[in-house]
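Student: Submitted below is the structure of interest, expressed as structure tokens.
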Amino acid sequence: MTTGAAVKFENVSKHFGNTTALDGLDLTVRSGEFLTLLGESGSGKTTALNLLAGFFQASSGTILVNGTDVSSLPPEKRNIGMVFQNYSLFPHMTVEANIAYPLRMRGEDRDSMRRKTARALEIVHMSQFARRMPSELSGGQQQRVALARAIVFEPPLLLMDEPLGALDQNLREKLQSEIKDLHTQLGSTIVFVTHDQREALALSDRIALMRDGRLEQVGTPTEIYDNPVSEFAARFVGQTNIFRVELRGDQVDIPQLRTTMPKAGADGTATCAVLRPENIRLSPQADDTTISAKLEKSTFQGDSFFYEVRHEDACILVRAERDAGPPPPLGSQVNLRFAREDIVFVRDT
Ligand SMILES: Nc1ncnc2c1ncn2[C@@H]1O[C@H](COP(=O)(O)OP(=O)(O)OP(=O)(O)O)[C@@H](O)[C@H]1O
């Protein structure tokens, strides 16, 4: 098993003409960690990865790998495995030759090349395809070969830029699970780029949420999901309800929820309350802690129902487990119940 590399971005910026792609990125990736850069298109994810890989030079700041500044090292000297969305296999080489390529570049002997290539093929479940050409493989199989080629030299650091972006949902989920297993087997540090929050939540030890070339929040998937720092983070990771709040002395008013509660947890910057759909229940009884709303839409999601209900001017999302019963008729009045402890206060910027 490889010892994963530790990576540190120190105040790293990258400008392309007038565009600031990265704006003072400070980020530490721990040895052996699976860290995902998550963000919208144009938020700077690929730029961060390309700087780490050595394809671009930073405009300012330092990138350290295992404590050493790598800025003067060309990509091929960084010992980094890479997987991209568009497979980028050599079309004229067999699967086996593609995978052996990084070993050949490193001058490994024939026996060692054969052994390591066979092992990499095994890890990605592609042993029976060793003699095929890339054009004779499906997209998922080609991506497995690209993965094998990236891990064959046991790199301490693996970079993956939307590696599953071109695959359909079922295959995506299967390969997500394989990448997760591969990470456990290898011990390499993985920096993974995606704009798909579900993929980020499923795979990562930690997520670095990016916005306009800056870091919005870094944390474990549950930290970001349960305690988003901003409305942006709450909306980006998972579905959510956001309500405006008014701070009044020691109290917080959430007018749309007809709730006033102690200010604990809401600092002076709080402008919104976040309440996740799964933390709201439809209650058979109405009382002074429930809110009456009208069911406008119901979507079956296999294990749950997703409801859109209207309370005055607010459209509120509710997720109900299937065992909570069948959906009430559309247009009927329902009672919403929630616990105040599940409300998280955030700023709106
Ligand atoms: N080579 C380049 N020349 C000029 N501008 C660039 C270049 N590469 C990136 N940019 C700009 O820098 C910003 C960040 O781009 P980047 O590719 O890092 O975003 P991203 O988060 O990876 O987006 P996506 O998910 O679409 O790949 C964007 O505004 C982009 O247009």
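Residues in the structure tokens are named by chain (A, B, ... in the order shown) and by number from 1 within that chain; ligands are numbered from 1 in the order shown.
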Taking only C-alpha atoms and all ligand atoms into account, which residues are within 12 Å of ligand 1, as a compact mmCIF listing (two decimals) with C-alpha atoms, in the first residue's frame?

Tutor:
```
# COMPACT_ATOMS: atom_id res chain seq x y z
CA SER A 13 -4.11 32.61 -7.13
CA LYS A 14 -4.33 32.14 -10.87
CA HIS A 15 -5.30 34.84 -13.34
CA PHE A 16 -5.98 34.34 -17.03
CA GLY A 17 -5.89 37.88 -18.45
CA ASN A 18 -8.69 39.68 -16.63
CA THR A 19 -10.25 36.48 -15.29
CA THR A 20 -9.39 35.41 -11.76
CA ALA A 21 -9.80 31.63 -11.84
CA LEU A 22 -8.41 31.09 -8.33
CA ASP A 23 -8.39 33.77 -5.70
CA THR A 36 -13.35 16.54 -3.46
CA LEU A 37 -13.33 19.98 -5.02
CA LEU A 38 -17.02 20.66 -5.52
CA GLY A 39 -18.45 23.70 -7.26
CA GLU A 40 -20.31 25.18 -10.17
CA SER A 41 -18.87 25.42 -13.63
CA GLY A 42 -16.18 28.12 -13.63
CA SER A 43 -15.59 28.07 -9.86
CA GLY A 44 -11.90 27.16 -10.29
CA LYS A 45 -11.85 23.41 -9.62
CA THR A 46 -9.99 22.37 -12.75
CA THR A 47 -7.60 25.28 -12.41
CA ALA A 48 -6.66 24.11 -8.89
CA LEU A 49 -6.10 20.58 -10.19
CA ASN A 50 -4.04 21.76 -13.17
CA LEU A 51 -1.83 23.86 -10.89
CA PHE A 55 0.09 22.08 -16.27
CA PHE A 56 -0.21 25.73 -15.21
CA GLN A 57 1.98 27.99 -13.11
CA PHE A 84 -9.95 12.91 -16.87
CA GLN A 85 -13.50 12.86 -18.12
CA MET A 160 -9.44 12.91 -11.00
CA ASP A 161 -11.28 15.58 -13.00
CA GLU A 162 -14.95 14.66 -13.50
CA PRO A 163 -13.87 11.09 -14.32
CA GLY A 165 -19.00 12.79 -16.14
CA PHE A 192 -11.37 14.57 -7.09
CA VAL A 193 -13.23 17.24 -9.04
CA THR A 194 -16.97 17.21 -9.60
CA HIS A 195 -19.92 19.57 -9.85
CA ASP A 196 -22.24 16.75 -8.73
CA ALA A 208 -13.92 21.67 -0.42
CA LEU A 209 -16.84 23.70 -1.73
CA MET A 210 -15.64 26.32 -4.21
CA ARG A 211 -17.29 29.51 -5.33
CA ASP A 212 -15.86 32.07 -7.76
CA GLY A 213 -12.27 30.91 -7.27
CA ARG A 214 -12.52 30.90 -3.48
CA LEU A 215 -13.29 28.32 -0.84
```

Student: Per residue of segment 168-256 of chain A within 12 Å of segment 301-310 of chain A, which atom pair is closest and at what distance in Å (one decimal), using only C-alpha atoms, listed by chain and increasing number, as a tab-separated table?

Tutor:
```
residue	atom	partner	partner_atom	distance
A:Gln239	CA	A:Phe306	CA	10.6
A:Thr240	CA	A:Glu308	CA	11.6
A:Asn241	CA	A:Glu308	CA	10.7
A:Gln256	CA	A:Arg310	CA	10.6
```

Student: For Arg198 of chain A, please output as a compact mmCIF listing (two decimals) with N, CA and C atoms, in the first residue's frame all residues within 8 Å (counting only C-alpha atoms; exclusion window: fewer than 2 positions along the same chain).

Tutor:
```
# COMPACT_ATOMS: atom_id res chain seq x y z
N ASP A 196 -21.09 17.54 -9.14
CA ASP A 196 -22.24 16.75 -8.73
C ASP A 196 -22.18 16.54 -7.22
N ALA A 200 -20.05 13.93 -4.66
CA ALA A 200 -19.13 14.43 -3.63
C ALA A 200 -19.51 13.87 -2.25
N LEU A 201 -20.80 13.87 -1.95
CA LEU A 201 -21.24 13.36 -0.64
C LEU A 201 -20.93 11.88 -0.51
N ALA A 202 -21.09 11.13 -1.62
CA ALA A 202 -20.93 9.68 -1.57
C ALA A 202 -19.46 9.27 -1.41
N VAL A 237 -25.37 21.86 -1.46
CA VAL A 237 -25.23 20.49 -0.97
C VAL A 237 -26.56 20.02 -0.39
N GLY A 238 -27.28 19.24 -1.16
CA GLY A 238 -28.57 18.71 -0.71
C GLY A 238 -29.70 19.67 -1.02
```

Student: Select, from A:Arg131, A:Arg206, A:Lys116, A:Arg258, the residue with the minimum atom-to-atom distance to Arg337 of chain A, counting only C-alpha atoms.

Tutor: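 Once distances to Arg337 of chain A are computed over only C-alpha atoms, the minimum belongs to A:Arg258.
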
Student: Give me, as a PyMOL selection string, all polymer residues having an atom no more than 12 Å from Gln128 of chain A, counting only C-alpha atoms and skipping those fewer than 2 positions away in the same chain.

Tutor: chain A and resi 95-96+118+121-122+124-126+130-132+137+141+145

Student: Taking into account only C-alpha atoms, which residue in the set A:Pro155, A:Gly187, A:Gly331, A:Pro277 is nearest to Arg30 of chain A?

Tutor: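 Nearest to Arg30 of chain A: A:Gly187.
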
Student: Would you kindly return, as a VMD selection string, each protein, DNA or RNA residue with an atom no farther than 6 Å from any atom of segment 148-153 of chain A, considering only C-alpha atoms and excluding same-chain residues fewer than 5 positions away?

Tutor: chain A and resid 81 to 82 99 120

Student: What is the distance between atom CA of Ile254 of chain A and atom CA of Gln285 of chain A, in Å to one decimal?

Tutor: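 Result for atom CA of Ile254 of chain A versus atom CA of Gln285 of chain A: 22.1 Å, one decimal.
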
Student: Neighbours of Glu178 of chain A within 10 Å (only C-alpha atoms; same-chain residues fewer than 3 positions away dropped), as a list of chain:residue names?

Tutor: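 The residues that qualify are A:Ile123, A:Val124, A:His125, A:Arg144, A:Arg172, A:Glu173, A:Lys174, A:Leu175, A:Asp181, A:Leu182, A:His183, A:Thr184.
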